[in-house]
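Student: Sharing a structure here in structure tokens format.
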Protein chains: 6
Amino acid sequence: MSHDIPFLKSPDQAVFRDHMETKVAHWIRQWDGQEDLLAGIIGVPLSKSSISHSGASTTPAAVRAAFKSFTTYSLEYGVDLQHLAVRDLGDIQMHVTDIAECHRRIEESLRALYKKQPNLIPIIVGGDHSTSCPSLKAFADRHPGQKVGIIHFDAHHDVRNFEDGGVTNGTPFRGILESGVVHGPHIVQIGIRGFMNSKPYHDYVKSKGVHVYTSRDVRRMGIDVVLDEALGLAGKDTDVLYVSFDVDVIDQAYAPGCPAIGTGGINPWDAMDALYRLGTLPQVQGLDFVCIDPTVDVRNVTSRLAVQFMLSFLAGVAARPV
Amino acid sequence: MSHDIPFLKSPDQAVFRDHMETKVAHWIRQWDGQEDLLAGIIGVPLSKSSISHSGASTTPAAVRAAFKSFTTYSLEYGVDLQHLAVRDLGDIQMHVTDIAECHRRIEESLRALYKKQPNLIPIIVGGDHSTSCPSLKAFADRHPGQKVGIIHFDAHHDVRNFEDGGVTNGTPFRGILESGVVHGPHIVQIGIRGFMNSKPYHDYVKSKGVHVYTSRDVRRMGIDVVLDEALGLAGKDTDVLYVSFDVDVIDQAYAPGCPAIGTGGINPWDAMDALYRLGTLPQVQGLDFVCIDPTVDVRNVTSRLAVQFMLSFLAGVAARPV
Amino acid sequence: MSHDIPFLKSPDQAVFRDHMETKVAHWIRQWDGQEDLLAGIIGVPLSKSSISHSGASTTPAAVRAAFKSFTTYSLEYGVDLQHLAVRDLGDIQMHVTDIAECHRRIEESLRALYKKQPNLIPIIVGGDHSTSCPSLKAFADRHPGQKVGIIHFDAHHDVRNFEDGGVTNGTPFRGILESGVVHGPHIVQIGIRGFMNSKPYHDYVKSKGVHVYTSRDVRRMGIDVVLDEALGLAGKDTDVLYVSFDVDVIDQAYAPGCPAIGTGGINPWDAMDALYRLGTLPQVQGLDFVCIDPTVDVRNVTSRLAVQFMLSFLAGVAARPV
Amino acid sequence: MSHDIPFLKSPDQAVFRDHMETKVAHWIRQWDGQEDLLAGIIGVPLSKSSISHSGASTTPAAVRAAFKSFTTYSLEYGVDLQHLAVRDLGDIQMHVTDIAECHRRIEESLRALYKKQPNLIPIIVGGDHSTSCPSLKAFADRHPGQKVGIIHFDAHHDVRNFEDGGVTNGTPFRGILESGVVHGPHIVQIGIRGFMNSKPYHDYVKSKGVHVYTSRDVRRMGIDVVLDEALGLAGKDTDVLYVSFDVDVIDQAYAPGCPAIGTGGINPWDAMDALYRLGTLPQVQGLDFVCIDPTVDVRNVTSRLAVQFMLSFLAGVAARPV
Amino acid sequence: MSHDIPFLKSPDQAVFRDHMETKVAHWIRQWDGQEDLLAGIIGVPLSKSSISHSGASTTPAAVRAAFKSFTTYSLEYGVDLQHLAVRDLGDIQMHVTDIAECHRRIEESLRALYKKQPNLIPIIVGGDHSTSCPSLKAFADRHPGQKVGIIHFDAHHDVRNFEDGGVTNGTPFRGILESGVVHGPHIVQIGIRGFMNSKPYHDYVKSKGVHVYTSRDVRRMGIDVVLDEALGLAGKDTDVLYVSFDVDVIDQAYAPGCPAIGTGGINPWDAMDALYRLGTLPQVQGLDFVCIDPTVDVRNVTSRLAVQFMLSFLAGVAARPV
Amino acid sequence: MSHDIPFLKSPDQAVFRDHMETKVAHWIRQWDGQEDLLAGIIGVPLSKSSISHSGASTTPAAVRAAFKSFTTYSLEYGVDLQHLAVRDLGDIQMHVTDIAECHRRIEESLRALYKKQPNLIPIIVGGDHSTSCPSLKAFADRHPGQKVGIIHFDAHHDVRNFEDGGVTNGTPFRGILESGVVHGPHIVQIGIRGFMNSKPYHDYVKSKGVHVYTSRDVRRMGIDVVLDEALGLAGKDTDVLYVSFDVDVIDQAYAPGCPAIGTGGINPWDAMDALYRLGTLPQVQGLDFVCIDPTVDVRNVTSRLAVQFMLSFLAGVAARPV
């Protein structure tokens, strides 16, 4: 709007703004399609692939809306992020009724993006967890000749069979393992919980060499020790790491806005410390947050959590050796 | 965003769109500051002037969000609005703690706007009802030498004294009457309800010559007859008309998202018919909707109501003789 | 509080008050136990007698809280109630676990009250409908040698058998009929709905001579005609009338805060018109409102409804010939 | 459970039951797969075909849960339904991720059902409106050599193009018209609303000869007259009628639990009267209720509405000449 | 249902099912009244005995509904429960208005059950805490000549006097102590909180020799040490143990769905560890969970908690020496 | 009410009361304006000074309502508060539209109160944090010639500039520092969080000599050590201490009812331990709780928290050496 009418502004400009404070919403602007980026937010508004009724498709919008509630500066980590080249790349458009096409689009879109921005750290905001399989295929392909390891935070193994319902939010790690894109021994699952998985699937991941730390392990060993071991395992013989973070790994008291909630999960400050540390590691080259359902959240605390997790990770990135 | 990455789009472009359908959100785009307009949406995000706790300041955002739920075409009125020059002019920026300054800004901003766009029909989205007084002052000033009449839909007379709390959502018509900007006999209040006003204030408006139709009158006489009479009264000896629509005139079952709700109010279809008819009249040159509180609404039905009211009015405008 | 500290006041005094407006909360003060009253509000916080889970015991508090949202003046009925001697008599204290004792207390307390205030019009705020039986026993006893008629607004006949659950919110009219305190032909039920009663109970009331108007009758005949007939029937051969108003007679869209909601009910303005008219009749000497559950209400619209009903009735009382 | 432990019962038996009252939940028992039925409830828990996020897949469960809140007897229509052979046939199992397969299953399942129960009146509880297309294909096939007419209650034409999103809740009547299973002139749409449809789609239905009554027509002409005309049109040259009832035809104040709500809709008592009358007509041989979203409903009033609509229709069926 | 119609199934069969996963809902089937059981779920839907308004009567249904959200396998405890003989015995039917009769029924029904199933571990799902007194009387009677100890998790002592309100959710341990069914020194209360009990009642339990660990003790000493000591005390000179678990012992952030919530409570993972350990002890022969109110819960997190507590206990039972 | 009608009582007397238990609501009665007090509750219902929409003005009422849910006795601290002279002094009446006047009133009213009750410990219940600046000015003035230190619990520094919005909930410590009423080195901020403050403001407080402990410091060092250090710093060279407690210092899982919530905050039991200890120190002479918004709270857990914090502090006060 170009005019000289006093006080009349576009709605996002007409709000209160403190000129001495930068909000995340001011920093993570829309990408112009050209700027070389350190990291980029990519929304994947898909939840029709979810077994249970899920509004995870509204997560990208909810996360963006929460950007205005946080600043770019952390006195806890001693860092101001506002000069990092992090932008909002928008959403990958989903098909309304063809779910297989949705997964295809995710992979195709990310491949093209990675071609254009080979050094970008993708921060993918799901959507449900089914999005992680095409995401990892595109990711692995970006690193030809290299081995990919995965640090997977989740309450669930996510290795359901394909016969009973096709490709769903319950199958991404089945898909990843069976496609061979990542090998079992290069995957560490952290935060898996009791009475939320079946024995056949636990046996399956063990048979594939996947490493598992339960939520109770995190509580008893401490997140630092668990992460030490996890990095030793997933980092062994691999070249790059991808972090897949299903927010239902967090206890239901802290993250009530996930479809499959329960108690006994890990707490948010352990997650923030872990994500900060993962951010500091140059081999970590991709990250996704999945399985938030903002439509059932309480005061959008779970979307806020996702933003704080993302910022903790980026604070780590800012501390990477140049 | 200018790039060739397939499916990756800005969030508002990545949603489903039917190429054979125009949504209000696609039609009422942001004003470029230059285009000559038939009508313009102006948000006034002010509710600190409200006596009771009110989130009316969030109404402009809620109304805009509801634009995506409606199309431009009405088979009921036989009109497609999508070619009318109606744009979103944004919000008038409020001061955070100086309420008098807020009212001053409304008046100053509208005066400047009217200077630039003298034929624009303002559609002002409050905010609480205190915004109507500065709005009318600017409006009256746009029509020098002309007399302004007001059709005022409300459950309340809105003529409280200024001593007990200053300029509030309870005082706009006191302000209008005392400033002399509009004369009592040129004002018609429709939908005033029992047990929601005090006798001294009823006596006050009567003493000023204001005409009053209760909600019960509307139910018994029919909205058409009431409007016939109201136009006869407000239109007599006046040159232009302004419509001030406090949404709490609607029964609480239909408009639960207002601060001061109650039963016995008028129903939405009577309001839509009245607004359509008011839209058809060339002398109606301004309109405001006030006193919605989206933070306490149920499924934003009250914001949707405001949109449907606005569209009904514009359907009438589209039918004005050229 | 007696001190001279500026601005420091008791919480109910520290709120905004317009000196030109009297709220119902200011008018209906607590009774001093001595003043001769025209009418009195009596809360009966009992809902453990309800068949389904009900928070009707919180209704008296919710209704009192809504008193601050209404004024004493109705321009629709042309009356200001603020000089009527109507007071809040408080609540009848219920036993926590002995439901039969609760019913006994209601009867005993009301008998004692009526002895002290023989001309008081009781406005009893339930609680569930089980409270109407002891209420009517005390009421009938106040009028020895006189016959009592009842105008009963309800979606339900409320004549369940006592074997299956004892004395509940489903049995008051069984209790009234079997005790002989009021005869069937002196009772008119208005607003009874289909698919909310069983045939045996409909047959039972018909066999007792009770007159029944369905909600559909009200819609097709109009509330005025129904009330004409009802007064002719209940008023025939009787000396005084009692009005028992179960708020679930109102359609669920207008009264969502009742335990047993449904559509097809009567609308609030018909109810207000009927209650105003009943208020004008000197033979109407008692009134109760029952079966609101504020804990499941939406923006307390149903409690507000009860207040507006009560005020409409009192507006009628104010118009009684002296 | 077969034991003699006092008071210990299965959860649905341990609740309060009045032996003189039959609830709909007691009457509409699960079908045994053999009994010859007058009518059967068939759930279609599909809403992944919905364009907007919808929990319509939970409607069959919500409607069944509401069965316990209604009795079988209507004093308004003078009928007790409890001896009609109406049973609950269960749900058609949906595929989790293959939406086209879901539609195929609906058609296949209904074809098989109709073969087994050729005289059954199906009462299909969606699910979103996409379910009506396969439903009608199976229905039409049951009546070979006969012409089918449709009375379609809806706020929307539901004839979107297939290119933009495939087969969705926006396309059923496009599918019906293009497949030729029912001809345009044999379809009457009642309750279509302004600003909820696009002109190209309105033009499309008109070009196909479909008859349209807006919600405003219903308000001005009365539901009886509209239905007279509609039956004249849809019944002309046809042999059997199907009623497709999208609950969003009802005003948002009465049916807040639909995905696409708005004001200006028809009211529930008009709908009940219309459905009763449709029930009385022997040529009406099928019925569906779609597009309720219980996850966003308020006190499940919209599911209750569906039950009352269903019961009104069945009350009409009970009155059919034998 | 016995038929060959494809895809048409009873509603609970038509949902998604992964053939490699057993849900608790599939495992804990309804008891046939004959099978010899290891443990049984018994619902006691009573909350009219609660001092404050409580929907605890809906807990058994809410807990059963949550069974579908958990599997039978815990990788944390290394156990799959699906072959344990645990069944759902249904609910004890309550009287609608006679609360004393309700308590009588609980005792009578459990006595009969224990006669038939002398080795059953009852897992009683209240209802409010008043149910624990009759429950313990029946339990003690099953073990004639043996002494019973109680591990009681609660924020409250629950030893109110009987004069002020009769037998309520505030009195079970008064009833147990006064009846002599269990001696004070054999009772350990864990999790009692400050500002939620009165000094006279604290003095009373101390005078009876009851052992008390506050919630703060748990936080400072650790749940393991507290439980060590508690088992030493309650286990001394007793033969069998009963665990009574009032869910309000948990902090309000984790268990918001209890009537009497507050902060400073114990956390769920301490509770799960304690319950697992109690499960492993052969002398623990009974367990109840009380005082959840699902009607005020948030996303039913509190009912889910109860299920996870129950499963943790049963995981311990599975580890008992044979 | 003076009468002898059985069971009829004022609403607050008609509720259940256990004669062996004293609730906080019974203890903290309204002040008579004369009694010499140890401590007094003063409500400041102001939130129009809040930058974001806030219902903090309703906190005093919400906190008082929660008084009925707690007793006066803490077995954890071994103290019964019921004989302490703590009373409710009511609210400071705010102006409806003049925010500067509101702040002036706070200061004037407190000055007058302190003159009359020079030894009173004020427990001020906001309102938003803007109230702390006038509160501290009055407080400092009560202690002429003495130096005041502040222990400030908050997620935010609260030192925004005044240019962008005037005196708001974001500026109290800017106001305190700039007015010189308290010196930077005498202020300790505890619980400040990352991504919720800007670097310029962090630099500002550091430049003023303010001491800062982050929430992460509390988690890693323990609240006891942090408080040791804080008391050493704020207590050095000062004579009296004031505690300003912004409830958003608590993690959003425990205190969801604050306007600016986030994760990573301190937990309530640390806060209670800290407040108890601060209560024991004779130099702590004032306390405020601010920035709760009861209108967005969940089951009023945040208001309950405030009550428990207040009681913990008073338990400390009770243990002060006489």
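The way I read the labels, and the way they are meant: chains A, B, ... in the order of the structure tokens, residue 1 as the first residue of every chain, and ligand 1 as the first ligand shown, with later ones counted on from there.
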For chain F, report every residue with an atom at most 9 Å from chain C (counting only C-alpha atoms), formatted as a compact mmCIF listing (two decimals) with N, CA, C and O atoms, in the first residue's frame.
Tutor:
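Now in part-v8.txt:
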```txt
# COMPACT_ATOMS: atom_id res chain seq x y z
N MET F 1 -29.09 -11.71 57.12
CA MET F 1 -30.48 -12.16 57.16
C MET F 1 -30.81 -12.65 58.57
O MET F 1 -30.21 -13.58 59.09
N SER F 2 -31.81 -12.02 59.13
CA SER F 2 -32.19 -12.40 60.48
C SER F 2 -33.61 -12.93 60.45
O SER F 2 -34.56 -12.17 60.33
N HIS F 3 -33.75 -14.21 60.49
CA HIS F 3 -35.08 -14.83 60.49
C HIS F 3 -34.92 -16.25 61.01
O HIS F 3 -33.80 -16.73 61.20
N ASP F 4 -36.05 -16.91 61.22
CA ASP F 4 -35.97 -18.27 61.76
C ASP F 4 -36.52 -19.31 60.80
O ASP F 4 -37.04 -20.33 61.20
N ILE F 5 -36.39 -19.02 59.52
CA ILE F 5 -36.86 -19.98 58.53
C ILE F 5 -35.81 -21.08 58.37
O ILE F 5 -34.67 -20.78 58.04
N PRO F 6 -36.21 -22.32 58.62
CA PRO F 6 -35.19 -23.37 58.60
C PRO F 6 -34.56 -23.56 57.22
O PRO F 6 -35.26 -23.52 56.21
N PHE F 7 -33.25 -23.77 57.22
CA PHE F 7 -32.48 -24.13 56.03
C PHE F 7 -32.28 -22.99 55.03
O PHE F 7 -31.44 -23.09 54.15
N LEU F 8 -33.03 -21.93 55.15
CA LEU F 8 -32.89 -20.82 54.20
C LEU F 8 -31.75 -19.91 54.66
O LEU F 8 -31.81 -19.30 55.72
N LYS F 9 -30.72 -19.84 53.85
CA LYS F 9 -29.51 -19.11 54.22
C LYS F 9 -29.00 -18.29 53.04
O LYS F 9 -29.36 -18.54 51.90
N SER F 10 -28.10 -17.36 53.34
CA SER F 10 -27.48 -16.64 52.24
C SER F 10 -26.67 -17.65 51.42
O SER F 10 -26.19 -18.66 51.95
N PRO F 11 -26.52 -17.41 50.12
CA PRO F 11 -25.89 -18.41 49.25
C PRO F 11 -24.54 -18.91 49.76
O PRO F 11 -24.24 -20.11 49.66
N ASP F 12 -23.72 -18.04 50.31
CA ASP F 12 -22.40 -18.52 50.74
C ASP F 12 -22.48 -19.30 52.04
O ASP F 12 -21.53 -20.00 52.41
N GLN F 13 -23.59 -19.19 52.77
CA GLN F 13 -23.75 -19.97 54.00
C GLN F 13 -24.45 -21.30 53.73
O GLN F 13 -24.39 -22.22 54.55
N ALA F 14 -25.15 -21.37 52.61
CA ALA F 14 -25.97 -22.56 52.34
C ALA F 14 -25.16 -23.72 51.77
O ALA F 14 -25.68 -24.80 51.55
N VAL F 15 -23.88 -23.50 51.55
CA VAL F 15 -23.05 -24.58 50.97
C VAL F 15 -22.57 -25.53 52.07
O VAL F 15 -22.64 -25.23 53.25
N PHE F 16 -22.08 -26.66 51.66
CA PHE F 16 -21.52 -27.64 52.60
C PHE F 16 -20.37 -27.02 53.38
O PHE F 16 -19.50 -26.37 52.82
N GLN F 30 -13.21 -10.11 54.60
CA GLN F 30 -13.08 -8.71 54.20
C GLN F 30 -12.58 -7.89 55.38
O GLN F 30 -13.03 -8.05 56.52
N TRP F 31 -11.65 -7.01 55.12
CA TRP F 31 -11.11 -6.12 56.15
C TRP F 31 -12.19 -5.14 56.61
O TRP F 31 -12.99 -4.67 55.80
N ASP F 32 -12.21 -4.82 57.90
CA ASP F 32 -13.20 -3.87 58.40
C ASP F 32 -12.70 -2.42 58.28
O ASP F 32 -13.40 -1.49 58.66
N GLY F 33 -11.49 -2.27 57.77
CA GLY F 33 -10.97 -0.91 57.60
C GLY F 33 -10.21 -0.41 58.82
O GLY F 33 -9.61 0.66 58.78
N GLN F 34 -10.24 -1.18 59.90
CA GLN F 34 -9.64 -0.71 61.15
C GLN F 34 -8.61 -1.69 61.73
O GLN F 34 -7.58 -1.25 62.25
N ILE F 42 -4.73 -7.13 48.16
CA ILE F 42 -5.21 -5.94 47.47
C ILE F 42 -5.30 -6.26 45.98
O ILE F 42 -4.29 -6.57 45.34
N GLY F 43 -6.51 -6.21 45.45
CA GLY F 43 -6.69 -6.49 44.02
C GLY F 43 -6.47 -5.25 43.19
O GLY F 43 -6.87 -4.16 43.58
N PRO F 45 -7.45 -4.57 39.48
CA PRO F 45 -8.06 -5.15 38.26
C PRO F 45 -7.77 -4.32 37.00
O PRO F 45 -8.68 -3.81 36.38
N PRO F 60 -8.14 -10.74 40.29
CA PRO F 60 -8.51 -10.68 41.71
C PRO F 60 -9.76 -11.50 42.02
O PRO F 60 -9.81 -12.24 43.01
N ALA F 61 -10.76 -11.41 41.15
CA ALA F 61 -11.98 -12.19 41.37
C ALA F 61 -11.71 -13.69 41.29
O ALA F 61 -12.23 -14.48 42.09
N ASP F 88 -8.80 -9.40 53.42
CA ASP F 88 -9.00 -8.98 52.04
C ASP F 88 -9.37 -7.50 52.04
O ASP F 88 -10.42 -7.12 52.56
N LEU F 89 -8.51 -6.67 51.48
CA LEU F 89 -8.74 -5.23 51.50
C LEU F 89 -9.55 -4.74 50.31
O LEU F 89 -9.82 -3.55 50.18
N GLY F 90 -9.92 -5.65 49.43
CA GLY F 90 -10.72 -5.27 48.26
C GLY F 90 -9.86 -4.87 47.09
O GLY F 90 -8.67 -5.23 47.02
N ASP F 91 -10.47 -4.17 46.16
CA ASP F 91 -9.79 -3.78 44.92
C ASP F 91 -9.60 -2.26 44.87
O ASP F 91 -10.40 -1.50 45.41
N ILE F 92 -8.55 -1.86 44.21
CA ILE F 92 -8.39 -0.44 43.88
C ILE F 92 -9.19 -0.18 42.62
O ILE F 92 -8.98 -0.84 41.60
N GLN F 93 -10.14 0.76 42.71
CA GLN F 93 -11.02 0.99 41.56
C GLN F 93 -10.28 1.65 40.42
O GLN F 93 -9.67 2.71 40.57
N MET F 94 -10.38 1.06 39.24
CA MET F 94 -9.70 1.57 38.06
C MET F 94 -10.60 2.52 37.28
O MET F 94 -11.82 2.43 37.37
N HIS F 95 -10.01 3.41 36.53
CA HIS F 95 -10.79 4.21 35.60
C HIS F 95 -11.01 3.38 34.34
O HIS F 95 -10.15 2.59 33.96
N VAL F 96 -12.16 3.57 33.69
CA VAL F 96 -12.47 2.71 32.55
C VAL F 96 -11.62 3.02 31.32
O VAL F 96 -11.26 2.12 30.56
N ARG F 105 -3.86 6.16 40.55
CA ARG F 105 -4.70 5.68 41.64
C ARG F 105 -4.02 4.58 42.46
O ARG F 105 -4.15 4.53 43.68
N ILE F 106 -3.34 3.69 41.76
CA ILE F 106 -2.65 2.61 42.46
C ILE F 106 -1.67 3.20 43.47
O ILE F 106 -1.65 2.84 44.65
N GLU F 108 -1.51 6.30 44.68
CA GLU F 108 -2.15 7.11 45.71
C GLU F 108 -2.85 6.24 46.76
O GLU F 108 -2.74 6.48 47.97
N SER F 109 -3.52 5.23 46.28
CA SER F 109 -4.27 4.37 47.20
C SER F 109 -3.31 3.61 48.13
O SER F 109 -3.52 3.54 49.34
N LEU F 110 -2.23 3.10 47.56
CA LEU F 110 -1.27 2.35 48.38
C LEU F 110 -0.55 3.27 49.37
O LEU F 110 -0.30 2.89 50.52
N ARG F 111 -0.23 4.47 48.94
CA ARG F 111 0.41 5.41 49.86
C ARG F 111 -0.49 5.65 51.09
O ARG F 111 -0.05 5.62 52.24
N ALA F 112 -1.78 5.87 50.81
CA ALA F 112 -2.73 6.12 51.90
C ALA F 112 -2.85 4.87 52.79
O ALA F 112 -2.89 4.96 54.02
N LEU F 113 -2.90 3.74 52.15
CA LEU F 113 -2.99 2.50 52.93
C LEU F 113 -1.76 2.32 53.81
O LEU F 113 -1.87 1.96 54.99
N LYS F 116 -1.75 4.34 56.87
CA LYS F 116 -2.68 3.84 57.90
C LYS F 116 -2.19 2.51 58.49
O LYS F 116 -2.43 2.23 59.66
```
Student: Going by DSSP on the backbone, which residues of segment 21-210 of chain C come out as helix (DSSP H, G or I)? List them as a ChimeraX atom specification.
Tutor: /C:24-27,56-69,81-83,99-116,129-142,172-179,184-186,199-207
Student: When you look at Leu241 of chain F with a cut-off of 7 Å (counting only C-alpha atoms), what residues show up, excluding the ones that are within fewer than 4 positions of it in the same chain? I need them as an mmCIF file with N, CA, C and O atoms, in the first residue's frame.
Tutor:
```
data_model
loop_
_atom_site.group_PDB
_atom_site.id
_atom_site.type_symbol
_atom_site.label_atom_id
_atom_site.label_comp_id
_atom_site.auth_asym_id
_atom_site.auth_seq_id
_atom_site.Cartn_x
_atom_site.Cartn_y
_atom_site.Cartn_z
ATOM 1 N N VAL F 148 15.599 -0.273 48.980
ATOM 2 C CA VAL F 148 14.718 -1.389 48.631
ATOM 3 C C VAL F 148 15.406 -2.295 47.612
ATOM 4 O O VAL F 148 15.996 -1.811 46.647
ATOM 5 N N GLY F 149 15.335 -3.570 47.850
ATOM 6 C CA GLY F 149 15.784 -4.548 46.864
ATOM 7 C C GLY F 149 14.585 -5.303 46.298
ATOM 8 O O GLY F 149 13.528 -5.351 46.924
ATOM 9 N N ILE F 150 14.741 -5.853 45.106
ATOM 10 C CA ILE F 150 13.625 -6.580 44.482
ATOM 11 C C ILE F 150 14.080 -7.960 44.016
ATOM 12 O O ILE F 150 15.102 -8.083 43.342
ATOM 13 N N GLN F 283 12.929 -9.115 56.237
ATOM 14 C CA GLN F 283 13.107 -7.940 55.379
ATOM 15 C C GLN F 283 12.157 -7.957 54.161
ATOM 16 O O GLN F 283 11.981 -6.929 53.505
ATOM 17 N N VAL F 284 11.539 -9.088 53.862
ATOM 18 C CA VAL F 284 10.575 -9.105 52.751
ATOM 19 C C VAL F 284 9.273 -8.489 53.233
ATOM 20 O O VAL F 284 8.588 -9.020 54.097
ATOM 21 N N GLN F 285 8.936 -7.339 52.660
ATOM 22 C CA GLN F 285 7.808 -6.545 53.189
ATOM 23 C C GLN F 285 6.698 -6.291 52.159
ATOM 24 O O GLN F 285 5.741 -5.574 52.463
#
```
Student: Near Ser69 of chain E, counting only C-alpha atoms, which residues have an atom at most 9 Å away, once you skip same-chain residues fewer than 5 positions from it, shown as a list in words?
Tutor: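 So, after excluding close chain neighbours, the residues are Phe195, Met196, Ala260, Ile261 and Gly262 of chain A; Lys23, Val24, Ala25 and Arg304 of chain E.
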Student: Next, dump the selected residues to file, keeping only all heavy atoms, as a short mmCIF file (atom, residue, chain, number, x, y, z; two decimals), in the first residue's frame.
Tutor:
```
data_model
loop_
_atom_site.label_atom_id
_atom_site.label_comp_id
_atom_site.auth_asym_id
_atom_site.auth_seq_id
_atom_site.Cartn_x
_atom_site.Cartn_y
_atom_site.Cartn_z
N PHE A 195 3.32 -49.70 26.09
CA PHE A 195 1.88 -49.73 25.87
C PHE A 195 1.43 -48.81 24.73
O PHE A 195 0.28 -48.42 24.64
CB PHE A 195 1.12 -49.42 27.17
CG PHE A 195 1.46 -50.40 28.27
CD1 PHE A 195 2.03 -49.98 29.46
CD2 PHE A 195 1.24 -51.76 28.09
CE1 PHE A 195 2.37 -50.88 30.46
CE2 PHE A 195 1.58 -52.68 29.08
CZ PHE A 195 2.15 -52.24 30.26
N MET A 196 2.39 -48.46 23.87
CA MET A 196 2.06 -47.66 22.69
C MET A 196 2.61 -48.30 21.42
O MET A 196 2.56 -47.69 20.35
CB MET A 196 2.61 -46.24 22.84
CG MET A 196 1.99 -45.53 24.01
SD MET A 196 2.16 -43.77 23.90
CE MET A 196 1.12 -43.31 25.30
N ALA A 260 -1.86 -38.72 19.23
CA ALA A 260 -1.70 -39.93 20.06
C ALA A 260 -0.95 -39.59 21.33
O ALA A 260 0.24 -39.86 21.46
CB ALA A 260 -0.97 -41.01 19.27
N ILE A 261 -1.66 -38.99 22.29
CA ILE A 261 -1.00 -38.53 23.49
C ILE A 261 -0.96 -39.60 24.58
O ILE A 261 -1.70 -40.57 24.55
CB ILE A 261 -1.68 -37.27 24.04
CG1 ILE A 261 -3.18 -37.55 24.26
CG2 ILE A 261 -1.47 -36.10 23.13
CD1 ILE A 261 -3.90 -36.39 24.92
N GLY A 262 -0.06 -39.40 25.54
CA GLY A 262 0.05 -40.31 26.67
C GLY A 262 1.03 -39.74 27.67
O GLY A 262 1.75 -38.78 27.38
N LYS E 23 -4.53 -54.21 20.84
CA LYS E 23 -4.90 -53.09 21.68
C LYS E 23 -5.44 -53.63 23.01
O LYS E 23 -5.99 -54.75 23.07
CB LYS E 23 -5.99 -52.24 21.02
CG LYS E 23 -5.57 -51.60 19.71
CD LYS E 23 -4.72 -50.36 19.97
CE LYS E 23 -4.57 -49.54 18.71
NZ LYS E 23 -3.65 -48.42 18.90
N VAL E 24 -5.37 -52.83 24.05
CA VAL E 24 -5.96 -53.22 25.33
C VAL E 24 -7.44 -53.50 25.16
O VAL E 24 -7.99 -54.43 25.76
CB VAL E 24 -5.70 -52.12 26.39
CG1 VAL E 24 -6.44 -52.41 27.67
CG2 VAL E 24 -4.20 -51.97 26.64
N ALA E 25 -8.10 -52.73 24.28
CA ALA E 25 -9.53 -52.93 24.05
C ALA E 25 -9.84 -54.32 23.49
O ALA E 25 -10.92 -54.86 23.68
CB ALA E 25 -10.07 -51.85 23.11
N ARG E 304 -6.69 -41.41 30.48
CA ARG E 304 -5.55 -42.12 29.88
C ARG E 304 -4.52 -42.45 30.96
O ARG E 304 -3.92 -43.53 30.96
CB ARG E 304 -4.86 -41.25 28.82
CG ARG E 304 -5.72 -41.01 27.59
CD ARG E 304 -5.00 -40.04 26.65
NE ARG E 304 -5.92 -39.42 25.73
CZ ARG E 304 -5.87 -39.57 24.40
NH1 ARG E 304 -4.94 -40.31 23.83
NH2 ARG E 304 -6.74 -38.97 23.62
#
```
